[in-house]
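K.L.:
First, the structure itself, so that you have it in front of you.
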Amino acid sequence: MSNISTTRLEIFPPEIFLEIFSYMNGYDNYKAFYGLNHRLSTLILTYGMKYIDLSKITINESRKMFSTINCSDVNTLILSNEYYDEQIDQILDKNCFPLKSMDSLNTLILDSIGLYTMYTIAHQHFQLDNLKSLIISFRSDLCAEKVSTMYRGILYSFCSRFKSLKYLCLSASKDKEIICGNGRVSLNDSLLSTNVSSTLQRLFLRHIRINDIENILSRFPKLQYLNANIRLNEHITDYSLSLSLIACHLSLRLCSLELLFNLLKHCPNLEKLTLSFTPINYNELDSYKWKYLIEKCLLKLKQFTLYIIPFDYEMDIAQASIEDDFLKNQFWLDRKIKIEIIDGESINNNNIEPKIMIKFSI
């Protein structure tokens, strides 16, 4: 940069630079301003490294930057194996870069991780006591067995290290929905844990269909929001009482209303419930059965949205049948329900099939 440009930059007060830094990736701040002069270098190291996205940065460049900055100032860190294979493994390797030095880290995002990467980070015994948000996405080419292992290892063991964790999002490829079956999971004993998380409040499981909702409710008693694609087990009728849970967005395929009732009666404080529901037969759409479920289980419910994916019926026939039933029921009329076809809209990121929406807010 020319002397004229440097001189013009020098006239700005620190507040201007802080505003600029707040809109930029910390790595870009470092590359653009560090080394121009002592003042700018000091500002960068003090205020410009809060948010760092290294997803498209080479490993050598990343390490060079980390050797210069004060890692304890970093609030958000984004790493990815998508553009540079094993970037996450090498950057988080305790022999090369001690993650534990990021004692102010609030958010950690790990993109496109595979089984080897999960093994690497799982055996790094670091503590991130101030970490509040953890977002992990799995590689799109992973088979169901590998993601099943990783999902359970992260959810029930890895995240238990983080004593302040409030938000956890695990995501698989949208094009390859992963089904997590208990019988196919084989975890190393060192990764198994029965720890109960007293801090986790929001859990998102995207494109991962789970069979163990009972474990989630028992291990995360402070959970307030759950977004998941679940498969209910007909042999499980007793769940942990989830008094903290106030909002759910659940997708259920070929589920009976009885199984759903057994689950929701243990969530008495739900205020907002969204269901993407494929019934096992038409009787599961009886307006009086849904009325009974809400009156018996969900007395605090304020917002209810039910997306129905019809089975063998034509969409317009199914809609007409549902309207004829629900709009004759005073319970639903009092709540001024809205019934309409949602054409091609993705609900809970699971599919783009047309759905019938039944919705009310009070």
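Letters A, B, ... go to the chains of the structure tokens in the order shown; residues in each chain start at 1; ligands are counted from 1 in the same order.
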Run DSSP on the backbone and tell me which residues of segment 60-172 of chain A come out as strand (DSSP E or B); list them as a list in words.
P.N.:
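Of segment 60-172 of chain A, only Thr76, Leu77, Ile78, Leu79, Ser80, Thr107, Leu108, Ile109, Leu110, Asp111, Ser112, Ile113, Ser133, Leu134, Ile135, Ile136, Ser137, Phe138, Tyr167, Leu168, Cys169, Leu170 and Ser171 of chain A fall in strand (DSSP E or B).
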K.L.:
Output C-alpha atoms for every residue in that selection, as a compact mmCIF listing (two decimals), in the first residue's frame.
P.N.:
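Contents of selection_26.txt, freshly written:
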# COMPACT_ATOMS: atom_id res chain seq x y z
CA THR A 76 -16.11 -17.40 16.72
CA LEU A 77 -14.08 -19.95 14.73
CA ILE A 78 -15.17 -21.63 11.47
CA LEU A 79 -13.20 -24.57 10.04
CA SER A 80 -13.95 -26.83 7.08
CA THR A 107 -19.04 -20.35 18.79
CA LEU A 108 -17.30 -23.23 16.99
CA ILE A 109 -18.40 -24.34 13.51
CA LEU A 110 -16.93 -27.49 11.95
CA ASP A 111 -17.98 -28.16 8.35
CA SER A 112 -17.73 -31.38 6.29
CA ILE A 113 -16.22 -33.59 8.94
CA SER A 133 -22.72 -22.73 20.31
CA LEU A 134 -21.42 -25.82 18.48
CA ILE A 135 -22.40 -26.41 14.84
CA ILE A 136 -21.18 -29.53 13.03
CA SER A 137 -22.03 -30.75 9.54
CA PHE A 138 -21.08 -34.19 8.26
CA TYR A 167 -26.92 -24.41 21.25
CA LEU A 168 -26.02 -27.56 19.30
CA CYS A 169 -26.72 -28.19 15.62
CA LEU A 170 -25.75 -31.44 13.85
CA SER A 171 -26.44 -31.63 10.13
K.L.:
Compile the contact shell of Glu314 of chain A as a list in words: residues with an atom at most 12 Å away, counting only C-alpha atoms, same-chain residues fewer than 5 positions apart removed.
P.N.:
Ile309, Gln319, Ala320, Ser321, Ile341, Pro354, Lys355 and Ile356 of chain A
K.L.:
Could you save the residues just selected, with C-alpha atoms, as an mmCIF file, in the first residue's frame?
P.N.:
data_model
loop_
_atom_site.group_PDB
_atom_site.id
_atom_site.type_symbol
_atom_site.label_atom_id
_atom_site.label_comp_id
_atom_site.auth_asym_id
_atom_site.auth_seq_id
_atom_site.Cartn_x
_atom_site.Cartn_y
_atom_site.Cartn_z
ATOM 1 C CA ILE A 309 -48.453 -35.536 4.027
ATOM 2 C CA GLN A 319 -58.026 -31.425 1.989
ATOM 3 C CA ALA A 320 -61.790 -31.473 1.522
ATOM 4 C CA SER A 321 -62.135 -34.386 3.944
ATOM 5 C CA ILE A 341 -52.259 -26.784 0.833
ATOM 6 C CA PRO A 354 -47.097 -30.948 -1.046
ATOM 7 C CA LYS A 355 -48.666 -30.866 2.386
ATOM 8 C CA ILE A 356 -51.897 -29.902 4.033
#
K.L.:
Find the distance between atom CA of Ile337 of chain A and atom CA of Leu260 of chain A and write it in Å to one decimal.
P.N.:
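Taking atom CA of Ile337 of chain A as the start and atom CA of Leu260 of chain A as the end point, the length is 21.0 Å.
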K.L.:
Between A:Ile20, A:Leu241, A:Ile154, A:Ile362, single out the one closest to Ser218 of chain A, counting only C-alpha atoms.
P.N.:
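Counting only C-alpha atoms, the residue closest to Ser218 of chain A is A:Leu241.
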K.L.:
Please indicate the distance in Å from atom CA of Lys166 of chain A to atom CA of Thr274 of chain A, rounded to one decimal place.
P.N.:
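Between these atoms lies a distance of 21.4 Å.
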K.L.:
Can you work out which one of A:Phe220, A:Tyr47, A:Tyr239, A:Phe277 has the shortest atom-to-atom distance to Pro310 of chain A, counting only C-alpha atoms?
P.N.:
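Smallest separation from Pro310 of chain A among the options: A:Phe277.
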K.L.:
So what do you get for atom CA of Ser72 of chain A versus atom CA of Leu105 of chain A, distance-wise?
P.N.:
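Between atom CA of Ser72 of chain A and atom CA of Leu105 of chain A the gap is 7.5 Å.
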K.L.:
Mind dumping a table of every segment 66-155 of chain A residue within 8 Å of segment 57-62 of chain A, with the nearest atom pair and its distance in Å to one decimal, using only C-alpha atoms, sorted by chain and rising number, as JSON lines?
P.N.:
{"residue": "A:Phe66", "atom": "CA", "partner": "A:Ser62", "partner_atom": "CA", "distance": 6.3}
{"residue": "A:Tyr84", "atom": "CA", "partner": "A:Thr58", "partner_atom": "CA", "distance": 6.7}
{"residue": "A:Gln87", "atom": "CA", "partner": "A:Ile59", "partner_atom": "CA", "distance": 6.1}
{"residue": "A:Gln90", "atom": "CA", "partner": "A:Ile59", "partner_atom": "CA", "distance": 7.4}
{"residue": "A:Ile91", "atom": "CA", "partner": "A:Ile59", "partner_atom": "CA", "distance": 6.9}
K.L.:
Just list as a PyMOL selection string whatever in segment 110-349 of chain A DSSP marks as alpha helix (DSSP H).
P.N.:
chain A and resi 115-122+144-156+213-219+257-264+287-297+315-326+330-334
K.L.:
List the spatial neighbours of Tyr30 of chain A as a list in words - criterion: any atom at most 8 Å away, only C-alpha atoms, same-chain residues fewer than 6 positions off excluded.
P.N.:
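The contact residues come out as Ile44, Gly48, Met49 and Met65 of chain A.
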K.L.:
For Glu214 of chain A, which residue out of A:Leu263, A:Met357, A:Ala247, A:Leu299 is the nearest one, using only C-alpha atoms?
P.N.:
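Looking at the shortest contact to Glu214 of chain A, the residue is A:Leu263.
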